[in-house]
Amino acid sequence: MSGFTSQDSATRISVGQAITPEELRSSGASADEATARYALMLGDDSLMLAQRLGAWISRAPELEEDIALGNIALDLLGHARFFLTYAGSAWGKTEDDLAYFRDEEEFRSVRLVEQDNGDFGKTIARQLIFSFYARELYSRLVDSADETLAAIADKALKEVDYHQDHAAQWVRRLGGGTEESHRRMQAGLEDVWAYVEELFVDVDPTTQLAEADIAVLPSSLREPVMQRLRTVIEEAGLTVPEVKGAYGADRTGRFSEHRGYILAEMQVLARQHPGATW
């Protein structure tokens, strides 16, 4: 079973090949229903976090962080474009259709990426968790039996390497800084930790695709990701939170109180002027 259905070898996307979403669309790669739903989950994660991080531009603690967080947001937006383009191939939809013209209950992002930015410590805590998770996910997804997912993961992995390094450095810097920076970094971890377990919940269609070596089983990521998170947190002189997981970890779209606000800001222009170009 493979989400890649094009039989023309000239159009196949290979791991390590530099691609753009436009090239992916023209490649003939077409996802089946289950693979499209999986790609949609991954794309929604990146899209929501990109939107959240973009809000830091002109508001970060220092000019260099305006640039750094903006660049990370653009990387994540690129990941979202690839995954949504591939997902849309199953339904005759474009990346813009899926980003701008779905309602909030139709999105399948994890709630971690939708949490408000809070102060800088909370944003970095959220970024640490997601980037470590994404790094482990993409490092395995490059071996997917679906060549398109493998190629997207290969491209994303190079960028996520920087994202995790950036987050880890800030955790150590804030945790080992002043009493106030230490307090805020610990508070940031406490604020978002309830949403960590949702990253590792096995849901359909991921489970069935993992059996076919197409997807990565989320539960298999838990141990290595949590070990690496614990190491960085403890190196920073911080404490791994003991927080009960938030209710509703199933990616159904029913439980996020933040998503509607994110989409209202992100979708307003496209919905007011559908089909507009410039």
# chains A, B, ... in the order shown; residues from 1 in each chain; ligands from 1

call {"tool": "closest_atom_pairs", "arguments": {"of": "region 140-232 of chain A", "to": "region 246-267 of chain A", "cutoff": "12 Å", "atoms": "only C-alpha atoms", "output": "JSON lines"}}
result
{"residue": "A:Asp191", "atom": "CA", "partner": "A:Ala246", "partner_atom": "CA", "distance": 11.1}
{"residue": "A:Val192", "atom": "CA", "partner": "A:Ala246", "partner_atom": "CA", "distance": 9.8}
{"residue": "A:Trp193", "atom": "CA", "partner": "A:Ala246", "partner_atom": "CA", "distance": 8.9}
{"residue": "A:Ala194", "atom": "CA", "partner": "A:Ala246", "partner_atom": "CA", "distance": 5.2}
{"residue": "A:Tyr195", "atom": "CA", "partner": "A:Ala246", "partner_atom": "CA", "distance": 6.0}
{"residue": "A:Val196", "atom": "CA", "partner": "A:Ala246", "partner_atom": "CA", "distance": 8.8}
{"residue": "A:Glu197", "atom": "CA", "partner": "A:Ala249", "partner_atom": "CA", "distance": 7.6}
{"residue": "A:Glu198", "atom": "CA", "partner": "A:Ala249", "partner_atom": "CA", "distance": 4.9}
{"residue": "A:Leu199", "atom": "CA", "partner": "A:Ala249", "partner_atom": "CA", "distance": 8.4}
{"residue": "A:Phe200", "atom": "CA", "partner": "A:Ala249", "partner_atom": "CA", "distance": 9.3}
{"residue": "A:Val201", "atom": "CA", "partner": "A:Asp250", "partner_atom": "CA", "distance": 7.1}
{"residue": "A:Asp202", "atom": "CA", "partner": "A:Asp250", "partner_atom": "CA", "distance": 8.4}
{"residue": "A:Val203", "atom": "CA", "partner": "A:Asp250", "partner_atom": "CA", "distance": 6.8}
{"residue": "A:Asp204", "atom": "CA", "partner": "A:Asp250", "partner_atom": "CA", "distance": 9.5}
{"residue": "A:Pro205", "atom": "CA", "partner": "A:Arg251", "partner_atom": "CA", "distance": 11.2}
{"residue": "A:Thr206", "atom": "CA", "partner": "A:Arg251", "partner_atom": "CA", "distance": 11.3}
{"residue": "A:Pro218", "atom": "CA", "partner": "A:Asp250", "partner_atom": "CA", "distance": 11.9}

call {"tool": "select_by_dssp", "arguments": {"residues": "region 36-265 of chain A", "states": "helix (DSSP H, G or I)", "output": "number ranges by chain"}}
result
A: 36-54, 63-88, 95-100, 104-106, 111-114, 120-141, 147-175, 179-195, 197-200, 206-211, 218-235, 259-265

call {"tool": "closest_residue", "arguments": {"among": "A:His163, A:Lys158, A:Leu112, A:Thr35", "to": "Ile72 (chain A)", "atoms": "only C-alpha atoms"}}
result
A:His163

call {"tool": "residues_around", "arguments": {"residues": "Met185 (chain A)", "least_positions_apart": "3", "cutoff": "12 Å", "atoms": "only C-alpha atoms", "output": "PyMOL selection string"}}
result
chain A and resi 118-126+128+167-168+170-182+188-192+233+236-241

call {"tool": "closest_residue", "arguments": {"among": "A:Ala55, A:Met41, A:Ala150, A:Leu229", "to": "Ser131 (chain A)", "atoms": "only C-alpha atoms"}}
result
A:Leu229

call {"tool": "atom_distance", "arguments": {"atom1": "CA of Arg25 (chain A)", "atom2": "CA of Asp154 (chain A)"}}
result
17.6 Å

call {"tool": "atom_distance", "arguments": {"atom1": "CA of Ser144 (chain A)", "atom2": "CA of Glu211 (chain A)"}}
result
11.1 Å

call {"tool": "residues_around", "arguments": {"residues": "Ala99 (chain A)", "least_positions_apart": "3", "cutoff": "8 Å", "atoms": "only C-alpha atoms", "output": "list in words"}}
result
Leu47, Leu84, Glu95, Asp96, Arg102 and Gln267 of chain A

call {"tool": "atom_distance", "arguments": {"atom1": "CA of Arg59 (chain A)", "atom2": "CA of Asp116 (chain A)"}}
result
14.2 Å

call {"tool": "closest_residue", "arguments": {"among": "A:Arg140, A:Ala87, A:Arg135, A:Gln186", "to": "Asp161 (chain A)", "atoms": "only C-alpha atoms"}}
result
A:Arg135
